[in-house]
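To start, the structure itself, in structure tokens.
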2 protein chains.
Amino acid sequence: MHEDRILLAHGAGGLLSSRLLNEIFLPYLGNQLLDRLEDSAVLDLDTQSGEISFSTDSYVVNPIFFQGGDIGSLAIHGTVNDLAVSGARPVYISAGFIIEEGTSKQDLERIVQSMASATEEAGVKIVAGDTKVVAKGAADGLYINTSGVGVRDSRVKLSYNRISPGDSIIINGTIGDHGATILSEREGLQAVQGLSSDSAPLNNMVQDILNSGSGVHCMRDATRGGLGAVLVELATQAGYSLEIDERSLPVREEVRGICEMMGLDPVYIANEGKVVVFCASEVEEQVLEAMRNSRYGGEAAVIGRVQDPDQGRVKLRTMLGTHRDIDLPSGEIVPRIC
Amino acid sequence: MHEDRILLAHGAGGLLSSRLLNEIFLPYLGNQLLDRLEDSAVLDLDTQSGEISFSTDSYVVNPIFFQGGDIGSLAIHGTVNDLAVSGARPVYISAGFIIEEGTSKQDLERIVQSMASATEEAGVKIVAGDTKVVAKGAADGLYINTSGVGVRDSRVKLSYNRISPGDSIIINGTIGDHGATILSEREGLQAVQGLSSDSAPLNNMVQDILNSGSGVHCMRDATRGGLGAVLVELATQAGYSLEIDERSLPVREEVRGICEMMGLDPVYIANEGKVVVFCASEVEEQVLEAMRNSRYGGEAAVIGRVQDPDQGRVKLRTMLGTHRDIDLPSGEIVPRIC
């Protein structure tokens, strides 16, 4: 009976730890490097072709299963995307699990399985891992940290300091889908039809965007804090103001509905499959085309433009034609969204 | 008043997240790479000289402060040591924090400060980070994941498959210090004088050991599950039996006392600054000397020897001259020991 649940002893480094590894983790995630079970994995990276990128993120999303994904696929997509938007090709991932005692083994297995599918689609391998179990009440279900290593072509130069006046600001689709999905599931709003997380690996699409050439200046994925937080950060770092056209922002009706109901602005709601690209207007069409040719960019749109130096503000031209400033969200938006 | 505590909003990716970063993390951990705050850090690694190693571990130790260290220094030492014992020189570390709402900012700052000292001693840099905040009750204090990247000289060949009959088995000092310290603090046994965690960065000592040459066959750090778990794992992987002499095992009186009181075997108690080295008997003296010249190897000792193939068992010759088998610990030893 209790064999269906994770016990503290599964995290003690003994017999049960070893069984958990052999019964749940290795069957799905195993590969030549991970199977060696050494203290660290020796990577096979083609560093002739570029520089090495390194990234980390912890995932604490609640609920752990949601429409369009789960904490496992999210943990892979998130770190793959962090590497991708910095211009790197993600190659290797590490996974650290913190599991609450009593978590169902079946749930854990479903999550590990989902991580395996996500790594396969993204073309990355999990080569290092760790599992800790904490007593009931010392975590809520399970948390996953993924760190990632990738290789960035030395010719790719993406940075906020390449953002220039006149640059087009482009996003690969609708905003707020992930956050609105999590919110509606948490609030027990079942059956909001058409609502699903946008969690997705963007690395292949990003490579296609990079093929548009050196006119691509900067990219960021708009996760926690939503599009708004990313734009404010970049405006501040680059020292230019950004003008965003609210009418051009792709927002699903269902997302708009939930946001209105809860008094939230879709601009601040988390995405897990959206990249914001800053590029010279000459390559705008190429970037849009690269997005639209991808499974994850069908609703790509130019949403605004970089203006002359002006205190690094983000100005939203509203549907009514008026202007309002977008600031960093200052309070709690939606906790445990990712 | 509530400004002394971590709020959910500190993890929301908005204004308070940004303040936390600028007030607590960057002042202590900042460096050229981390300060850029990009989605991923571009590493400067001399890959001409070797292969890249990658490792991950999550730390959930309870209590977060203990005699001889805290969760911050532990998180650095643990990952530094995982890289070191695989033969790599640790270079870059990522840090992912999961913080319980209400955690004191002062505690967090003390931990970050301790991480900074630990990275300095080990000669590594934190170049990527992430902070999540979960509601009160959804974690116990805070948890830290560290992942590490290092460079391994291609000439260094350490692996369980190099373990050979006749090899000496050497440890750099007393066993069980970390686990016994955590246990005694948790049980409220104050003032067990002389008891302190052995948490330490072993990378410099390991480099000196590696200078003993190709006679050094394999190393492991004896953390969760203690010396016992490491020996059983290696005996199984290598396919040789190991004979350990109980009389030669360095154990502090205080540790022995606590273990007897709680019915535990020091062999299974966690260490955070102990490496087990398998080497040809010809280099035994050199390895011992390298350890004894280090701050962390004063009580180094040869504890046993590799025997002929014999089912991969670990046999302990007891103080009384009898033999007993050491198996993988099968139940819960000490949860949240690291």
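Each chain in the structure tokens gets a letter, A, B and so on, in the order shown; residues start at 1 in every chain, and ligands are counted from 1 in the order they appear.
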Inset, instruction - Would you kindly report the residues of chain B within 7 Å of chain A, using only C-alpha atoms, as a PyMOL selection string? - result: chain B and resi 8-9+12-16+39-43+51-58+82-83+86+94+96+128-130+132+134+137-140+145+147+224-225+229+328-333+335-336
Inset, instruction - Would you return as a PyMOL selection string the members of region 106-179 of chain A that DSSP assigns to alpha helix (DSSP H) on this structure's backbone? - result: chain A and resi 106-122+177-179
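When CA of Glu185 (chain B) is paired with CA of Gly78 (chain B), their separation reads 20.3 Å.
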Inset, instruction - Report as a ChimeraX atom specification: the residues of region 62-229 of chain A with a DSSP assignment of strand (DSSP E), based on the backbone of this structure. - result: /A:65-66,69-70,88-100,125-134,142-153,168-171,216-221
Legend entry - Point-to-point distance from CA of Asp177 (chain A) to CA of Arg19 (chain B), Å rounded to tenths: 27.2 Å
Legend entry - Test item: residues at most 10 Å from Asp208 (chain B), only C-alpha atoms, excluding those fewer than 4 positions along its chain, as a PyMOL selection string: chain B and resi 203-204+212-213+286-287+289-291+293-294
Include N, CA and C atoms and write out the residues we just selected as a PDB file, in the first residue's frame.
ATOM      1  N   ASN B 203      38.160  20.824  -3.221  1.00  0.00           N
ATOM      2  CA  ASN B 203      38.749  20.847  -4.570  1.00  0.00           C
ATOM      3  C   ASN B 203      40.258  21.044  -4.581  1.00  0.00           C
ATOM      4  N   ASN B 204      40.783  21.879  -3.688  1.00  0.00           N
ATOM      5  CA  ASN B 204      42.236  22.073  -3.710  1.00  0.00           C
ATOM      6  C   ASN B 204      42.969  20.808  -3.257  1.00  0.00           C
ATOM      7  N   SER B 212      49.389  12.889  -7.467  1.00  0.00           N
ATOM      8  CA  SER B 212      50.064  11.625  -7.162  1.00  0.00           C
ATOM      9  C   SER B 212      50.142  10.744  -8.402  1.00  0.00           C
ATOM     10  N   GLY B 213      49.417  11.137  -9.452  1.00  0.00           N
ATOM     11  CA  GLY B 213      49.560  10.434 -10.724  1.00  0.00           C
ATOM     12  C   GLY B 213      48.465   9.435 -11.028  1.00  0.00           C
ATOM     13  N   GLN B 286      51.768   8.915  -0.989  1.00  0.00           N
ATOM     14  CA  GLN B 286      51.626  10.230  -1.618  1.00  0.00           C
ATOM     15  C   GLN B 286      50.223  10.800  -1.408  1.00  0.00           C
ATOM     16  N   VAL B 287      49.225   9.919  -1.529  1.00  0.00           N
ATOM     17  CA  VAL B 287      47.841  10.370  -1.338  1.00  0.00           C
ATOM     18  C   VAL B 287      47.639  10.820   0.109  1.00  0.00           C
ATOM     19  N   GLU B 289      49.857  11.906   2.127  1.00  0.00           N
ATOM     20  CA  GLU B 289      50.585  13.147   2.359  1.00  0.00           C
ATOM     21  C   GLU B 289      49.822  14.346   1.792  1.00  0.00           C
ATOM     22  N   ALA B 290      49.272  14.170   0.574  1.00  0.00           N
ATOM     23  CA  ALA B 290      48.485  15.255  -0.019  1.00  0.00           C
ATOM     24  C   ALA B 290      47.325  15.620   0.901  1.00  0.00           C
ATOM     25  N   MET B 291      46.682  14.617   1.468  1.00  0.00           N
ATOM     26  CA  MET B 291      45.564  14.884   2.386  1.00  0.00           C
ATOM     27  C   MET B 291      46.054  15.603   3.642  1.00  0.00           C
ATOM     28  N   ASN B 293      48.591  17.376   4.173  1.00  0.00           N
ATOM     29  CA  ASN B 293      49.052  18.743   3.944  1.00  0.00           C
ATOM     30  C   ASN B 293      47.893  19.719   3.784  1.00  0.00           C
ATOM     31  N   SER B 294      46.683  19.183   3.674  1.00  0.00           N
ATOM     32  CA  SER B 294      45.516  20.047   3.493  1.00  0.00           C
ATOM     33  C   SER B 294      44.881  20.352   4.839  1.00  0.00           C
TER      34      SER B 294
END
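Proximity to Ile71 (chain A) was assessed for A:Asp265, A:Asp107, A:Glu246, A:Asp167 counting only C-alpha atoms; the smallest distance is recorded for A:Asp107.
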